[in-house]
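coords.pdb (PDB, C-alpha atoms, pLDDT in the B column)
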MODEL        1
ATOM      1  CA  MET A   1       9.669  -2.532   9.409  1.00 58.00           C
ATOM      2  CA  ALA A   2       6.097  -2.417  10.687  1.00 65.00           C
ATOM      3  CA  ALA A   3       3.964  -5.543  10.791  1.00 69.00           C
ATOM      4  CA  LYS A   4       1.813  -6.155   7.726  1.00 75.00           C
ATOM      5  CA  ASP A   5      -1.933  -5.794   8.118  1.00 77.00           C
ATOM      6  CA  LEU A   6      -4.063  -8.944   8.141  1.00 78.00           C
ATOM      7  CA  PHE A   7      -5.424  -8.124   4.657  1.00 84.00           C
ATOM      8  CA  HIS A   8      -2.102  -7.030   3.100  1.00 88.00           C
ATOM      9  CA  ASP A   9      -1.680 -10.089   0.872  1.00 90.00           C
ATOM     10  CA  ALA A  10      -5.350 -10.080  -0.194  1.00 90.00           C
ATOM     11  CA  VAL A  11      -5.147  -6.425  -1.269  1.00 90.00           C
ATOM     12  CA  LYS A  12      -1.883  -7.081  -3.084  1.00 91.00           C
ATOM     13  CA  GLN A  13      -3.374 -10.056  -4.948  1.00 93.00           C
ATOM     14  CA  ALA A  14      -6.472  -8.006  -5.882  1.00 91.00           C
ATOM     15  CA  LEU A  15      -4.253  -5.289  -7.369  1.00 89.00           C
ATOM     16  CA  LEU A  16      -2.242  -7.873  -9.318  1.00 90.00           C
ATOM     17  CA  LYS A  17      -5.473  -9.458 -10.604  1.00 91.00           C
ATOM     18  CA  GLU A  18      -6.512  -6.038 -11.947  1.00 87.00           C
ATOM     19  CA  GLN A  19      -3.164  -5.839 -13.796  1.00 86.00           C
ATOM     20  CA  TRP A  20      -1.465  -3.356 -11.480  1.00 88.00           C
ATOM     21  CA  VAL A  21       2.309  -3.768 -11.135  1.00 88.00           C
ATOM     22  CA  ILE A  22       3.501  -3.573  -7.512  1.00 90.00           C
ATOM     23  CA  THR A  23       6.447  -1.167  -7.498  1.00 89.00           C
ATOM     24  CA  ALA A  24       7.198  -1.079  -3.749  1.00 89.00           C
ATOM     25  CA  ASP A  25       6.198  -3.249  -0.771  1.00 86.00           C
ATOM     26  CA  PRO A  26       6.540  -1.148   1.383  1.00 85.00           C
ATOM     27  CA  LEU A  27       7.311   2.309  -0.003  1.00 87.00           C
ATOM     28  CA  LYS A  28       9.747   4.062   2.330  1.00 89.00           C
ATOM     29  CA  ILE A  29       9.694   7.870   2.395  1.00 88.00           C
ATOM     30  CA  LYS A  30      11.787  10.248   4.481  1.00 90.00           C
ATOM     31  CA  ILE A  31      10.708  13.875   4.856  1.00 89.00           C
ATOM     32  CA  GLU A  32      13.258  15.838   6.815  1.00 91.00           C
ATOM     33  CA  ARG A  33      13.866  13.571   9.839  1.00 90.00           C
ATOM     34  CA  VAL A  34      10.536  11.726   9.744  1.00 89.00           C
ATOM     35  CA  LYS A  35      10.361   8.289   8.138  1.00 88.00           C
ATOM     36  CA  PHE A  36       7.127   6.907   6.676  1.00 84.00           C
ATOM     37  CA  GLU A  37       6.213   3.517   5.261  1.00 85.00           C
ATOM     38  CA  ILE A  38       3.249   3.166   2.907  1.00 84.00           C
ATOM     39  CA  ASP A  39       2.070  -0.437   2.555  1.00 86.00           C
ATOM     40  CA  LEU A  40       2.077  -0.715  -1.243  1.00 84.00           C
ATOM     41  CA  THR A  41       2.662   1.329  -4.356  1.00 85.00           C
ATOM     42  CA  ALA A  42       1.467   0.190  -7.733  1.00 86.00           C
ATOM     43  CA  GLU A  43       1.495   1.329 -11.334  1.00 86.00           C
ATOM     44  CA  LYS A  44      -0.824   0.548 -14.231  1.00 81.00           C
ATOM     45  CA  ILE A  45       0.011   1.324 -17.839  1.00 71.00           C
ATOM     46  CA  LEU A  46      -3.073   2.679 -19.604  1.00 65.00           C
ATOM     47  CA  ALA A  47      -1.770   2.763 -23.180  1.00 59.00           C
ATOM     48  CA  ALA A  48       1.546   2.718 -24.984  1.00 56.00           C
ATOM     49  CA  ASP A  49       1.463   6.438 -25.673  1.00 53.00           C
ATOM     50  CA  LYS A  50      -0.006   7.617 -22.342  1.00 55.00           C
ATOM     51  CA  ALA A  51       1.587   7.997 -18.952  1.00 62.00           C
ATOM     52  CA  GLY A  52       0.821   5.247 -16.450  1.00 69.00           C
ATOM     53  CA  ARG A  53      -1.340   5.704 -13.370  1.00 78.00           C
ATOM     54  CA  LYS A  54       0.331   5.351  -9.975  1.00 82.00           C
ATOM     55  CA  ILE A  55      -1.247   4.779  -6.571  1.00 82.00           C
ATOM     56  CA  ALA A  56      -0.089   4.406  -2.985  1.00 82.00           C
ATOM     57  CA  VAL A  57      -2.172   2.091  -0.782  1.00 83.00           C
ATOM     58  CA  GLU A  58      -2.313   2.116   3.019  1.00 80.00           C
ATOM     59  CA  ILE A  59      -4.049  -1.018   4.345  1.00 80.00           C
ATOM     60  CA  LYS A  60      -5.880  -1.043   7.684  1.00 77.00           C
ATOM     61  CA  SER A  61      -8.356  -3.605   9.034  1.00 74.00           C
ATOM     62  CA  PHE A  62      -9.397  -2.251  12.483  1.00 70.00           C
ATOM     63  CA  LEU A  63     -10.320  -5.694  13.811  1.00 70.00           C
ATOM     64  CA  ASN A  64      -9.383  -5.188  17.469  1.00 68.00           C
ATOM     65  CA  SER A  65     -12.038  -5.140  20.171  1.00 69.00           C
ATOM     66  CA  SER A  66     -11.043  -1.607  21.194  1.00 65.00           C
ATOM     67  CA  VAL A  67     -11.109   1.532  19.070  1.00 60.00           C
ATOM     68  CA  ILE A  68      -8.190   2.827  21.151  1.00 64.00           C
ATOM     69  CA  THR A  69      -6.111  -0.267  20.329  1.00 62.00           C
ATOM     70  CA  ASP A  70      -6.839   0.221  16.610  1.00 58.00           C
ATOM     71  CA  PHE A  71      -5.841   3.882  16.888  1.00 58.00           C
ATOM     72  CA  HIS A  72      -2.423   2.913  18.246  1.00 56.00           C
TER      73      HIS A  72
ENDMDL
END

I'd like the structure from this file rewritten - as structure tokens, please.
Amino acid sequence: MAAKDLFHDAVKQALLKEQWVITADPLKIKIERVKFEIDLTAEKILAADKAGRKIAVEIKSFLNSSVITDFH
């Protein structure tokens, strides 16, 4: 499991405050032999008779002193 970004919990709390339901933390996906992890997935029900909205959120802060370090 990759390390969580510095702002991971703040983003998660902001989504919860806006009444999103966190459905995965992290979302793990495997396509052929490549594994991916997306930081958060969330769902928000719009109305009882409508389908909910779903989002996947990748959180990055880029706070290092070097652009190259952030890239890695």

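Nearest to Pro26 (chain A) of all the residues A:Lys4, A:Lys60, A:Arg53, A:Lys44 is A:Lys4, based on only C-alpha atoms.
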
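When CA of Leu63 (chain A) is paired with CA of Gln19 (chain A), their separation reads 28.5 Å.
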
Spatial neighbours of Val11 (chain A), 12 Å, only C-alpha atoms, chain gap at least 5 places, as a ChimeraX atom specification = /A:4-6,16-18,20,22,25,39-42,57-61

Test item: residues at most 12 Å from Ile29 (chain A), all atoms listed in the file, excluding those fewer than 4 positions along its chain, as a ChimeraX atom specification | /A:24,33-39,41,56

Saved selection, atoms kept: C-alpha atoms, as a short mmCIF file (atom, residue, chain, number, x, y, z; two decimals), in the coordinates of the input:
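Here's the written file result_23.cif:
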data_model
loop_
_atom_site.label_atom_id
_atom_site.label_comp_id
_atom_site.auth_asym_id
_atom_site.auth_seq_id
_atom_site.Cartn_x
_atom_site.Cartn_y
_atom_site.Cartn_z
CA ALA A 24 7.20 -1.08 -3.75
CA ARG A 33 13.87 13.57 9.84
CA VAL A 34 10.54 11.73 9.74
CA LYS A 35 10.36 8.29 8.14
CA PHE A 36 7.13 6.91 6.68
CA GLU A 37 6.21 3.52 5.26
CA ILE A 38 3.25 3.17 2.91
CA ASP A 39 2.07 -0.44 2.56
CA THR A 41 2.66 1.33 -4.36
CA ALA A 56 -0.09 4.41 -2.98
#

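From CA of Ile45 (chain A) back to CA of Val21 (chain A), the distance works out to 8.7 Å.
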